[in-house]
file structure_13.cif (mmCIF, N, CA, C and O atoms)
data_start
#
loop_
_atom_site.group_PDB
_atom_site.id
_atom_site.type_symbol
_atom_site.label_atom_id
_atom_site.label_comp_id
_atom_site.auth_asym_id
_atom_site.auth_seq_id
_atom_site.Cartn_x
_atom_site.Cartn_y
_atom_site.Cartn_z
ATOM 1 N N CYS A 1 -1.245 -2.575 -11.795
ATOM 2 C CA CYS A 1 -2.324 -1.684 -12.146
ATOM 3 C C CYS A 1 -3.527 -2.443 -12.679
ATOM 4 O O CYS A 1 -4.642 -1.961 -12.569
ATOM 5 N N ALA A 2 -3.312 -3.631 -13.235
ATOM 6 C CA ALA A 2 -4.439 -4.428 -13.718
ATOM 7 C C ALA A 2 -5.339 -4.832 -12.554
ATOM 8 O O ALA A 2 -6.568 -4.836 -12.686
ATOM 9 N N GLU A 3 -4.738 -5.161 -11.422
ATOM 10 C CA GLU A 3 -5.553 -5.518 -10.249
ATOM 11 C C GLU A 3 -6.313 -4.309 -9.740
ATOM 12 O O GLU A 3 -7.446 -4.432 -9.282
ATOM 13 N N ALA A 4 -5.717 -3.136 -9.805
ATOM 14 C CA ALA A 4 -6.427 -1.922 -9.403
ATOM 15 C C ALA A 4 -7.602 -1.683 -10.340
ATOM 16 O O ALA A 4 -8.697 -1.329 -9.893
ATOM 17 N N ASP A 5 -7.407 -1.905 -11.635
ATOM 18 C CA ASP A 5 -8.507 -1.754 -12.596
ATOM 19 C C ASP A 5 -9.632 -2.749 -12.302
ATOM 20 O O ASP A 5 -10.810 -2.411 -12.403
ATOM 21 N N ALA A 6 -9.264 -3.971 -11.921
ATOM 22 C CA ALA A 6 -10.281 -4.968 -11.571
ATOM 23 C C ALA A 6 -11.031 -4.535 -10.312
ATOM 24 O O ALA A 6 -12.249 -4.715 -10.219
ATOM 25 N N ALA A 7 -10.313 -3.946 -9.346
ATOM 26 C CA ALA A 7 -10.963 -3.460 -8.129
ATOM 27 C C ALA A 7 -11.907 -2.305 -8.451
ATOM 28 O O ALA A 7 -12.983 -2.195 -7.860
ATOM 29 N N VAL A 8 -11.536 -1.459 -9.397
ATOM 30 C CA VAL A 8 -12.420 -0.379 -9.836
ATOM 31 C C VAL A 8 -13.694 -0.962 -10.434
ATOM 32 O O VAL A 8 -14.800 -0.518 -10.131
ATOM 33 N N ALA A 9 -13.542 -1.985 -11.275
ATOM 34 C CA ALA A 9 -14.703 -2.611 -11.925
ATOM 35 C C ALA A 9 -15.662 -3.213 -10.891
ATOM 36 O O ALA A 9 -16.873 -3.225 -11.102
ATOM 37 N N ARG A 10 -15.116 -3.680 -9.766
ATOM 38 C CA ARG A 10 -15.955 -4.247 -8.708
ATOM 39 C C ARG A 10 -16.484 -3.179 -7.759
ATOM 40 O O ARG A 10 -17.203 -3.478 -6.813
ATOM 41 N N GLY A 11 -16.073 -1.919 -7.954
ATOM 42 C CA GLY A 11 -16.500 -0.838 -7.075
ATOM 43 C C GLY A 11 -15.706 -0.756 -5.788
ATOM 44 O O GLY A 11 -16.114 -0.088 -4.844
ATOM 45 N N GLU A 12 -14.561 -1.417 -5.736
ATOM 46 C CA GLU A 12 -13.751 -1.453 -4.518
ATOM 47 C C GLU A 12 -12.641 -0.409 -4.514
ATOM 48 O O GLU A 12 -11.978 -0.231 -3.490
ATOM 49 N N ALA A 13 -12.409 0.245 -5.629
ATOM 50 C CA ALA A 13 -11.337 1.236 -5.724
ATOM 51 C C ALA A 13 -11.831 2.434 -6.515
ATOM 52 O O ALA A 13 -12.753 2.327 -7.331
ATOM 53 N N ALA A 14 -11.195 3.549 -6.258
ATOM 54 C CA ALA A 14 -11.544 4.776 -6.958
ATOM 55 C C ALA A 14 -11.132 4.674 -8.426
ATOM 56 O O ALA A 14 -10.042 4.197 -8.726
ATOM 57 N N PRO A 15 -11.990 5.102 -9.343
ATOM 58 C CA PRO A 15 -11.636 5.070 -10.762
ATOM 59 C C PRO A 15 -10.670 6.207 -11.104
ATOM 60 O O PRO A 15 -11.049 7.379 -11.084
ATOM 61 N N ARG A 16 -9.419 5.866 -11.322
ATOM 62 C CA ARG A 16 -8.391 6.840 -11.689
ATOM 63 C C ARG A 16 -7.188 6.095 -12.241
ATOM 64 O O ARG A 16 -7.160 4.874 -12.236
ATOM 65 N N ASP A 17 -6.217 6.817 -12.695
ATOM 66 C CA ASP A 17 -4.971 6.221 -13.164
ATOM 67 C C ASP A 17 -4.135 5.865 -11.936
ATOM 68 O O ASP A 17 -3.700 6.751 -11.194
ATOM 69 N N HIS A 18 -3.909 4.591 -11.700
ATOM 70 C CA HIS A 18 -3.209 4.127 -10.505
ATOM 71 C C HIS A 18 -1.709 3.964 -10.711
ATOM 72 O O HIS A 18 -1.002 3.540 -9.787
ATOM 73 N N ARG A 19 -1.187 4.312 -11.878
ATOM 74 C CA ARG A 19 0.235 4.070 -12.151
ATOM 75 C C ARG A 19 1.155 4.830 -11.210
ATOM 76 O O ARG A 19 2.119 4.259 -10.680
ATOM 77 N N LEU A 20 0.880 6.092 -10.961
ATOM 78 C CA LEU A 20 1.732 6.882 -10.083
ATOM 79 C C LEU A 20 1.658 6.372 -8.640
ATOM 80 O O LEU A 20 2.677 6.234 -7.962
ATOM 81 N N ALA A 21 0.448 6.067 -8.188
ATOM 82 C CA ALA A 21 0.278 5.543 -6.830
ATOM 83 C C ALA A 21 0.981 4.197 -6.677
ATOM 84 O O ALA A 21 1.599 3.929 -5.646
ATOM 85 N N ALA A 22 0.910 3.358 -7.708
ATOM 86 C CA ALA A 22 1.565 2.046 -7.647
ATOM 87 C C ALA A 22 3.078 2.208 -7.554
ATOM 88 O O ALA A 22 3.740 1.523 -6.764
ATOM 89 N N ALA A 23 3.634 3.109 -8.340
ATOM 90 C CA ALA A 23 5.081 3.339 -8.297
ATOM 91 C C ALA A 23 5.501 3.860 -6.926
ATOM 92 O O ALA A 23 6.518 3.422 -6.364
ATOM 93 N N GLY A 24 4.732 4.787 -6.369
ATOM 94 C CA GLY A 24 5.041 5.318 -5.041
ATOM 95 C C GLY A 24 4.927 4.261 -3.961
ATOM 96 O O GLY A 24 5.755 4.202 -3.039
ATOM 97 N N PHE A 25 3.912 3.413 -4.072
ATOM 98 C CA PHE A 25 3.731 2.355 -3.077
ATOM 99 C C PHE A 25 4.894 1.367 -3.130
ATOM 100 O O PHE A 25 5.433 0.987 -2.082
ATOM 101 N N ILE A 26 5.294 0.962 -4.330
ATOM 102 C CA ILE A 26 6.412 0.020 -4.456
ATOM 103 C C ILE A 26 7.691 0.629 -3.884
ATOM 104 O O ILE A 26 8.469 -0.048 -3.201
ATOM 105 N N GLY A 27 7.908 1.920 -4.130
ATOM 106 C CA GLY A 27 9.065 2.592 -3.532
ATOM 107 C C GLY A 27 8.994 2.581 -2.017
ATOM 108 O O GLY A 27 9.999 2.366 -1.336
ATOM 109 N N GLY A 28 7.797 2.806 -1.488
ATOM 110 C CA GLY A 28 7.619 2.765 -0.040
ATOM 111 C C GLY A 28 7.862 1.381 0.539
ATOM 112 O O GLY A 28 8.474 1.239 1.597
ATOM 113 N N VAL A 29 7.401 0.355 -0.167
ATOM 114 C CA VAL A 29 7.638 -1.026 0.266
ATOM 115 C C VAL A 29 9.132 -1.292 0.313
ATOM 116 O O VAL A 29 9.659 -1.799 1.308
ATOM 117 N N ASN A 30 9.827 -0.952 -0.766
ATOM 118 C CA ASN A 30 11.275 -1.195 -0.820
ATOM 119 C C ASN A 30 12.010 -0.453 0.287
ATOM 120 O O ASN A 30 12.881 -1.023 0.959
ATOM 121 N N GLY A 31 11.650 0.812 0.491
ATOM 122 C CA GLY A 31 12.318 1.591 1.524
ATOM 123 C C GLY A 31 12.048 1.068 2.921
ATOM 124 O O GLY A 31 12.970 0.939 3.738
ATOM 125 N N LEU A 32 10.793 0.744 3.205
ATOM 126 C CA LEU A 32 10.446 0.243 4.537
ATOM 127 C C LEU A 32 11.115 -1.095 4.815
ATOM 128 O O LEU A 32 11.677 -1.312 5.894
ATOM 129 N N LEU A 33 11.080 -1.995 3.845
ATOM 130 C CA LEU A 33 11.693 -3.310 4.067
ATOM 131 C C LEU A 33 13.213 -3.198 4.193
ATOM 132 O O LEU A 33 13.828 -3.927 4.982
ATOM 133 N N HIS A 34 13.820 -2.282 3.464
ATOM 134 C CA HIS A 34 15.265 -2.069 3.620
ATOM 135 C C HIS A 34 15.572 -1.590 5.037
ATOM 136 O O HIS A 34 16.459 -2.126 5.709
ATOM 137 N N ASP A 35 14.848 -0.572 5.487
ATOM 138 C CA ASP A 35 15.084 -0.029 6.826
ATOM 139 C C ASP A 35 14.778 -1.055 7.906
ATOM 140 O O ASP A 35 15.500 -1.156 8.908
ATOM 141 N N TRP A 36 13.732 -1.841 7.723
ATOM 142 C CA TRP A 36 13.378 -2.878 8.702
ATOM 143 C C TRP A 36 14.474 -3.939 8.750
ATOM 144 O O TRP A 36 14.914 -4.342 9.833
ATOM 145 N N ASN A 37 14.944 -4.373 7.583
ATOM 146 C CA ASN A 37 15.989 -5.394 7.514
ATOM 147 C C ASN A 37 17.302 -4.891 8.116
ATOM 148 O O ASN A 37 18.047 -5.667 8.719
ATOM 149 N N ALA A 38 17.571 -3.596 7.979
ATOM 150 C CA ALA A 38 18.788 -3.016 8.542
ATOM 151 C C ALA A 38 18.680 -2.810 10.055
ATOM 152 O O ALA A 38 19.668 -2.483 10.704
ATOM 153 N N GLY A 39 17.486 -3.005 10.608
ATOM 154 C CA GLY A 39 17.294 -2.841 12.045
ATOM 155 C C GLY A 39 16.940 -1.424 12.456
ATOM 156 O O GLY A 39 16.959 -1.093 13.633
ATOM 157 N N TRP A 40 16.626 -0.570 11.491
ATOM 158 C CA TRP A 40 16.294 0.817 11.789
ATOM 159 C C TRP A 40 14.826 1.005 12.138
ATOM 160 O O TRP A 40 14.427 2.091 12.578
ATOM 161 N N VAL A 41 14.007 -0.009 11.925
ATOM 162 C CA VAL A 41 12.575 0.042 12.233
ATOM 163 C C VAL A 41 12.292 -1.060 13.251
ATOM 164 O O VAL A 41 12.541 -2.234 12.979
ATOM 165 N N GLU A 42 11.812 -0.652 14.424
ATOM 166 C CA GLU A 42 11.495 -1.627 15.465
ATOM 167 C C GLU A 42 10.059 -2.097 15.278
ATOM 168 O O GLU A 42 9.118 -1.429 15.697
ATOM 169 N N ALA A 43 9.903 -3.209 14.598
ATOM 170 C CA ALA A 43 8.585 -3.783 14.355
ATOM 171 C C ALA A 43 8.766 -5.237 13.969
ATOM 172 O O ALA A 43 9.817 -5.620 13.451
ATOM 173 N N THR A 44 7.723 -6.009 14.203
ATOM 174 C CA THR A 44 7.741 -7.393 13.721
ATOM 175 C C THR A 44 7.394 -7.391 12.242
ATOM 176 O O THR A 44 6.863 -6.402 11.712
ATOM 177 N N LEU A 45 7.670 -8.487 11.582
ATOM 178 C CA LEU A 45 7.312 -8.590 10.170
ATOM 179 C C LEU A 45 5.804 -8.456 10.008
ATOM 180 O O LEU A 45 5.332 -7.804 9.074
ATOM 181 N N ASP A 46 5.035 -9.044 10.916
ATOM 182 C CA ASP A 46 3.572 -8.925 10.845
ATOM 183 C C ASP A 46 3.133 -7.469 10.944
ATOM 184 O O ASP A 46 2.215 -7.043 10.236
ATOM 185 N N GLU A 47 3.782 -6.675 11.804
ATOM 186 C CA GLU A 47 3.434 -5.259 11.924
ATOM 187 C C GLU A 47 3.764 -4.502 10.639
ATOM 188 O O GLU A 47 3.001 -3.638 10.206
ATOM 189 N N VAL A 48 4.897 -4.840 10.027
ATOM 190 C CA VAL A 48 5.281 -4.196 8.764
ATOM 191 C C VAL A 48 4.264 -4.535 7.677
ATOM 192 O O VAL A 48 3.786 -3.653 6.953
ATOM 193 N N VAL A 49 3.901 -5.801 7.579
ATOM 194 C CA VAL A 49 2.927 -6.224 6.567
ATOM 195 C C VAL A 49 1.576 -5.558 6.814
ATOM 196 O O VAL A 49 0.945 -5.062 5.872
ATOM 197 N N ASP A 50 1.130 -5.508 8.057
ATOM 198 C CA ASP A 50 -0.150 -4.867 8.375
ATOM 199 C C ASP A 50 -0.145 -3.393 7.952
ATOM 200 O O ASP A 50 -1.128 -2.895 7.407
ATOM 201 N N GLU A 51 0.964 -2.710 8.203
ATOM 202 C CA GLU A 51 1.054 -1.301 7.817
ATOM 203 C C GLU A 51 1.016 -1.141 6.303
ATOM 204 O O GLU A 51 0.338 -0.250 5.777
ATOM 205 N N LEU A 52 1.714 -1.995 5.583
ATOM 206 C CA LEU A 52 1.701 -1.907 4.120
ATOM 207 C C LEU A 52 0.316 -2.197 3.554
ATOM 208 O O LEU A 52 -0.112 -1.547 2.594
ATOM 209 N N VAL A 53 -0.399 -3.127 4.151
ATOM 210 C CA VAL A 53 -1.767 -3.411 3.707
ATOM 211 C C VAL A 53 -2.654 -2.196 3.944
ATOM 212 O O VAL A 53 -3.441 -1.801 3.076
ATOM 213 N N ARG A 54 -2.514 -1.554 5.123
ATOM 214 C CA ARG A 54 -3.297 -0.345 5.405
ATOM 215 C C ARG A 54 -3.009 0.740 4.370
ATOM 216 O O ARG A 54 -3.929 1.416 3.885
ATOM 217 N N GLN A 55 -1.747 0.920 4.025
ATOM 218 C CA GLN A 55 -1.380 1.949 3.046
ATOM 219 C C GLN A 55 -1.951 1.629 1.668
ATOM 220 O O GLN A 55 -2.474 2.517 0.992
ATOM 221 N N LEU A 56 -1.851 0.380 1.254
ATOM 222 C CA LEU A 56 -2.371 0.002 -0.055
ATOM 223 C C LEU A 56 -3.880 0.195 -0.117
ATOM 224 O O LEU A 56 -4.409 0.733 -1.092
ATOM 225 N N LEU A 57 -4.583 -0.200 0.915
ATOM 226 C CA LEU A 57 -6.034 -0.017 0.929
ATOM 227 C C LEU A 57 -6.406 1.460 0.921
ATOM 228 O O LEU A 57 -7.383 1.850 0.279
ATOM 229 N N ALA A 58 -5.621 2.292 1.598
ATOM 230 C CA ALA A 58 -5.892 3.734 1.596
ATOM 231 C C ALA A 58 -5.713 4.319 0.199
ATOM 232 O O ALA A 58 -6.436 5.231 -0.200
ATOM 233 N N ILE A 59 -4.767 3.790 -0.557
ATOM 234 C CA ILE A 59 -4.550 4.253 -1.928
ATOM 235 C C ILE A 59 -5.728 3.865 -2.812
ATOM 236 O O ILE A 59 -6.170 4.641 -3.668
ATOM 237 N N LEU A 60 -6.249 2.680 -2.625
ATOM 238 C CA LEU A 60 -7.278 2.151 -3.525
ATOM 239 C C LEU A 60 -8.694 2.580 -3.190
ATOM 240 O O LEU A 60 -9.536 2.672 -4.064
ATOM 241 N N ARG A 61 -8.981 2.809 -1.918
ATOM 242 C CA ARG A 61 -10.361 3.108 -1.510
ATOM 243 C C ARG A 61 -10.882 4.378 -2.152
ATOM 244 O O ARG A 61 -10.174 5.379 -2.196
ATOM 245 N N PRO A 62 -12.119 4.337 -2.590
ATOM 246 C CA PRO A 62 -12.705 5.580 -3.098
ATOM 247 C C PRO A 62 -12.845 6.575 -1.956
ATOM 248 O O PRO A 62 -13.049 6.170 -0.812
ATOM 249 N N PRO A 63 -12.732 7.864 -2.230
ATOM 250 C CA PRO A 63 -12.912 8.837 -1.161
ATOM 251 C C PRO A 63 -14.338 8.767 -0.623
ATOM 252 O O PRO A 63 -15.285 8.533 -1.374
ATOM 253 N N GLU A 64 -14.462 8.954 0.688
ATOM 254 C CA GLU A 64 -15.796 8.921 1.309
ATOM 255 C C GLU A 64 -16.532 10.211 0.977
ATOM 256 O O GLU A 64 -15.951 11.294 0.977
ATOM 257 N N THR A 65 -17.803 10.061 0.708
ATOM 258 C CA THR A 65 -18.620 11.240 0.444
ATOM 259 C C THR A 65 -19.301 11.676 1.720
ATOM 260 O O THR A 65 -19.766 10.839 2.497
ATOM 261 N N PRO A 66 -19.375 12.986 1.958
ATOM 262 C CA PRO A 66 -19.988 13.466 3.215
ATOM 263 C C PRO A 66 -21.478 13.256 3.232
ATOM 264 O O PRO A 66 -22.156 13.068 2.318
#

call {"tool": "encode", "arguments": {"input": "structure_13.cif", "output": "structure tokens"}}
result
Amino acid sequence: CAEADAAVARGEAAPRDHRLAAAGFIGGVNGLLHDWNAGWVEATLDEVVDELVRQLLAILRPPETP
């Protein structure tokens, strides 16, 4: 959450409490990597990492204004 706060200070993330989002993201990482390691997810490691980066950035980005 400290890194999220630093991203907020730089204007790169939405200003909010990121604790719940961080906990959910870590759970998602653990679940995805478990399923990938078990062979239940057909993807390369690079594809898994790319997807996790997309999800993390979606959590941090400020909402777009119309």

call {"tool": "atom_distance", "arguments": {"input": "structure_13.cif", "atom1": "atom O of Arg61 of chain A", "atom2": "atom C of Gly11 of chain A"}}
result
9.0 Å

call {"tool": "atom_distance", "arguments": {"input": "structure_13.cif", "atom1": "atom C of Leu57 of chain A", "atom2": "atom N of Leu32 of chain A"}}
result
17.4 Å

call {"tool": "select_by_dssp", "arguments": {"input": "structure_13.cif", "residues": "segment 29-65 of chain A", "states": "alpha helix (DSSP H)", "output": "PDB file with N, CA, C and O atoms, in the frame of the given file"}}
result
ATOM      1  N   VAL A  29       7.401   0.355  -0.167  1.00  0.00           N
ATOM      2  CA  VAL A  29       7.638  -1.026   0.266  1.00  0.00           C
ATOM      3  C   VAL A  29       9.132  -1.292   0.313  1.00  0.00           C
ATOM      4  O   VAL A  29       9.659  -1.799   1.308  1.00  0.00           O
ATOM      5  N   ASN A  30       9.827  -0.952  -0.766  1.00  0.00           N
ATOM      6  CA  ASN A  30      11.275  -1.195  -0.820  1.00  0.00           C
ATOM      7  C   ASN A  30      12.010  -0.453   0.287  1.00  0.00           C
ATOM      8  O   ASN A  30      12.881  -1.023   0.959  1.00  0.00           O
ATOM      9  N   GLY A  31      11.650   0.812   0.491  1.00  0.00           N
ATOM     10  CA  GLY A  31      12.318   1.591   1.524  1.00  0.00           C
ATOM     11  C   GLY A  31      12.048   1.068   2.921  1.00  0.00           C
ATOM     12  O   GLY A  31      12.970   0.939   3.738  1.00  0.00           O
ATOM     13  N   LEU A  32      10.793   0.744   3.205  1.00  0.00           N
ATOM     14  CA  LEU A  32      10.446   0.243   4.537  1.00  0.00           C
ATOM     15  C   LEU A  32      11.115  -1.095   4.815  1.00  0.00           C
ATOM     16  O   LEU A  32      11.677  -1.312   5.894  1.00  0.00           O
ATOM     17  N   LEU A  33      11.080  -1.995   3.845  1.00  0.00           N
ATOM     18  CA  LEU A  33      11.693  -3.310   4.067  1.00  0.00           C
ATOM     19  C   LEU A  33      13.213  -3.198   4.193  1.00  0.00           C
ATOM     20  O   LEU A  33      13.828  -3.927   4.982  1.00  0.00           O
ATOM     21  N   HIS A  34      13.820  -2.282   3.464  1.00  0.00           N
ATOM     22  CA  HIS A  34      15.265  -2.069   3.620  1.00  0.00           C
ATOM     23  C   HIS A  34      15.572  -1.590   5.037  1.00  0.00           C
ATOM     24  O   HIS A  34      16.459  -2.126   5.709  1.00  0.00           O
ATOM     25  N   ASP A  35      14.848  -0.572   5.487  1.00  0.00           N
ATOM     26  CA  ASP A  35      15.084  -0.029   6.826  1.00  0.00           C
ATOM     27  C   ASP A  35      14.778  -1.055   7.906  1.00  0.00           C
ATOM     28  O   ASP A  35      15.500  -1.156   8.908  1.00  0.00           O
ATOM     29  N   TRP A  36      13.732  -1.841   7.723  1.00  0.00           N
ATOM     30  CA  TRP A  36      13.378  -2.878   8.702  1.00  0.00           C
ATOM     31  C   TRP A  36      14.474  -3.939   8.750  1.00  0.00           C
ATOM     32  O   TRP A  36      14.914  -4.342   9.833  1.00  0.00           O
ATOM     33  N   ASN A  37      14.944  -4.373   7.583  1.00  0.00           N
ATOM     34  CA  ASN A  37      15.989  -5.394   7.514  1.00  0.00           C
ATOM     35  C   ASN A  37      17.302  -4.891   8.116  1.00  0.00           C
ATOM     36  O   ASN A  37      18.047  -5.667   8.719  1.00  0.00           O
ATOM     37  N   LEU A  45       7.670  -8.487  11.582  1.00  0.00           N
ATOM     38  CA  LEU A  45       7.312  -8.590  10.170  1.00  0.00           C
ATOM     39  C   LEU A  45       5.804  -8.456  10.008  1.00  0.00           C
ATOM     40  O   LEU A  45       5.332  -7.804   9.074  1.00  0.00           O
ATOM     41  N   ASP A  46       5.035  -9.044  10.916  1.00  0.00           N
ATOM     42  CA  ASP A  46       3.572  -8.925  10.845  1.00  0.00           C
ATOM     43  C   ASP A  46       3.133  -7.469  10.944  1.00  0.00           C
ATOM     44  O   ASP A  46       2.215  -7.043  10.236  1.00  0.00           O
ATOM     45  N   GLU A  47       3.782  -6.675  11.804  1.00  0.00           N
ATOM     46  CA  GLU A  47       3.434  -5.259  11.924  1.00  0.00           C
ATOM     47  C   GLU A  47       3.764  -4.502  10.639  1.00  0.00           C
ATOM     48  O   GLU A  47       3.001  -3.638  10.206  1.00  0.00           O
ATOM     49  N   VAL A  48       4.897  -4.840  10.027  1.00  0.00           N
ATOM     50  CA  VAL A  48       5.281  -4.196   8.764  1.00  0.00           C
ATOM     51  C   VAL A  48       4.264  -4.535   7.677  1.00  0.00           C
ATOM     52  O   VAL A  48       3.786  -3.653   6.953  1.00  0.00           O
ATOM     53  N   VAL A  49       3.901  -5.801   7.579  1.00  0.00           N
ATOM     54  CA  VAL A  49       2.927  -6.224   6.567  1.00  0.00           C
ATOM     55  C   VAL A  49       1.576  -5.558   6.814  1.00  0.00           C
ATOM     56  O   VAL A  49       0.945  -5.062   5.872  1.00  0.00           O
ATOM     57  N   ASP A  50       1.130  -5.508   8.057  1.00  0.00           N
ATOM     58  CA  ASP A  50      -0.150  -4.867   8.375  1.00  0.00           C
ATOM     59  C   ASP A  50      -0.145  -3.393   7.952  1.00  0.00           C
ATOM     60  O   ASP A  50      -1.128  -2.895   7.407  1.00  0.00           O
ATOM     61  N   GLU A  51       0.964  -2.710   8.203  1.00  0.00           N
ATOM     62  CA  GLU A  51       1.054  -1.301   7.817  1.00  0.00           C
ATOM     63  C   GLU A  51       1.016  -1.141   6.303  1.00  0.00           C
ATOM     64  O   GLU A  51       0.338  -0.250   5.777  1.00  0.00           O
ATOM     65  N   LEU A  52       1.714  -1.995   5.583  1.00  0.00           N
ATOM     66  CA  LEU A  52       1.701  -1.907   4.120  1.00  0.00           C
ATOM     67  C   LEU A  52       0.316  -2.197   3.554  1.00  0.00           C
ATOM     68  O   LEU A  52      -0.112  -1.547   2.594  1.00  0.00           O
ATOM     69  N   VAL A  53      -0.399  -3.127   4.151  1.00  0.00           N
ATOM     70  CA  VAL A  53      -1.767  -3.411   3.707  1.00  0.00           C
ATOM     71  C   VAL A  53      -2.654  -2.196   3.944  1.00  0.00           C
ATOM     72  O   VAL A  53      -3.441  -1.801   3.076  1.00  0.00           O
ATOM     73  N   ARG A  54      -2.514  -1.554   5.123  1.00  0.00           N
ATOM     74  CA  ARG A  54      -3.297  -0.345   5.405  1.00  0.00           C
ATOM     75  C   ARG A  54      -3.009   0.740   4.370  1.00  0.00           C
ATOM     76  O   ARG A  54      -3.929   1.416   3.885  1.00  0.00           O
ATOM     77  N   GLN A  55      -1.747   0.920   4.025  1.00  0.00           N
ATOM     78  CA  GLN A  55      -1.380   1.949   3.046  1.00  0.00           C
ATOM     79  C   GLN A  55      -1.951   1.629   1.668  1.00  0.00           C
ATOM     80  O   GLN A  55      -2.474   2.517   0.992  1.00  0.00           O
ATOM     81  N   LEU A  56      -1.851   0.380   1.254  1.00  0.00           N
ATOM     82  CA  LEU A  56      -2.371   0.002  -0.055  1.00  0.00           C
ATOM     83  C   LEU A  56      -3.880   0.195  -0.117  1.00  0.00           C
ATOM     84  O   LEU A  56      -4.409   0.733  -1.092  1.00  0.00           O
ATOM     85  N   LEU A  57      -4.583  -0.200   0.915  1.00  0.00           N
ATOM     86  CA  LEU A  57      -6.034  -0.017   0.929  1.00  0.00           C
ATOM     87  C   LEU A  57      -6.406   1.460   0.921  1.00  0.00           C
ATOM     88  O   LEU A  57      -7.383   1.850   0.279  1.00  0.00           O
ATOM     89  N   ALA A  58      -5.621   2.292   1.598  1.00  0.00           N
ATOM     90  CA  ALA A  58      -5.892   3.734   1.596  1.00  0.00           C
ATOM     91  C   ALA A  58      -5.713   4.319   0.199  1.00  0.00           C
ATOM     92  O   ALA A  58      -6.436   5.231  -0.200  1.00  0.00           O
ATOM     93  N   ILE A  59      -4.767   3.790  -0.557  1.00  0.00           N
ATOM     94  CA  ILE A  59      -4.550   4.253  -1.928  1.00  0.00           C
ATOM     95  C   ILE A  59      -5.728   3.865  -2.812  1.00  0.00           C
ATOM     96  O   ILE A  59      -6.170   4.641  -3.668  1.00  0.00           O
ATOM     97  N   LEU A  60      -6.249   2.680  -2.625  1.00  0.00           N
ATOM     98  CA  LEU A  60      -7.278   2.151  -3.525  1.00  0.00           C
ATOM     99  C   LEU A  60      -8.694   2.580  -3.190  1.00  0.00           C
ATOM    100  O   LEU A  60      -9.536   2.672  -4.064  1.00  0.00           O
TER     101      LEU A  60
END

call {"tool": "residues_around", "arguments": {"input": "structure_13.cif", "residues": "Glu3 of chain A", "least_positions_apart": "5", "cutoff": "10 Å", "atoms": "only C-alpha atoms", "output": "PyMOL selection string"}}
result
chain A and resi 8-9+13+18

call {"tool": "write_last_selection", "arguments": {"input": "structure_13.cif", "atoms": "N, CA, C and O atoms", "output": "compact mmCIF listing (two decimals), in the coordinates of the input"}}
result
# COMPACT_ATOMS: atom_id res chain seq x y z
N VAL A 8 -11.54 -1.46 -9.40
CA VAL A 8 -12.42 -0.38 -9.84
C VAL A 8 -13.69 -0.96 -10.43
O VAL A 8 -14.80 -0.52 -10.13
N ALA A 9 -13.54 -1.98 -11.28
CA ALA A 9 -14.70 -2.61 -11.92
C ALA A 9 -15.66 -3.21 -10.89
O ALA A 9 -16.87 -3.22 -11.10
N ALA A 13 -12.41 0.24 -5.63
CA ALA A 13 -11.34 1.24 -5.72
C ALA A 13 -11.83 2.43 -6.52
O ALA A 13 -12.75 2.33 -7.33
N HIS A 18 -3.91 4.59 -11.70
CA HIS A 18 -3.21 4.13 -10.50
C HIS A 18 -1.71 3.96 -10.71
O HIS A 18 -1.00 3.54 -9.79

call {"tool": "axis_aligned_box", "arguments": {"input": "structure_13.cif", "around": "segment 21-26 of chain A", "padding_each_side": "6 Å", "output": "AutoDock Vina command-line options"}}
result
--center_x 4.4 --center_y 3.0 --center_z -5.2 --size_x 20.2 --size_y 18.1 --size_z 18.3

call {"tool": "closest_residue", "arguments": {"input": "structure_13.cif", "among": "A:Glu51, A:Gly39, A:Cys1, A:Asp46", "to": "Arg19 of chain A", "atoms": "all atoms listed in the file"}}
result
A:Cys1

call {"tool": "atom_distance", "arguments": {"input": "structure_13.cif", "atom1": "atom CA of Ala7 of chain A", "atom2": "atom O of Leu56 of chain A"}}
result
10.5 Å

call {"tool": "closest_residue", "arguments": {"input": "structure_13.cif", "among": "A:Leu60, A:Ala14, A:Val48, A:Ala43", "to": "Val29 of chain A", "atoms": "only C-alpha atoms"}}
result
A:Val48

call {"tool": "closest_residue", "arguments": {"input": "structure_13.cif", "among": "A:Leu33, A:Ala21, A:Ala38, A:Leu45", "to": "Ile59 of chain A", "atoms": "only C-alpha atoms"}}
result
A:Ala21
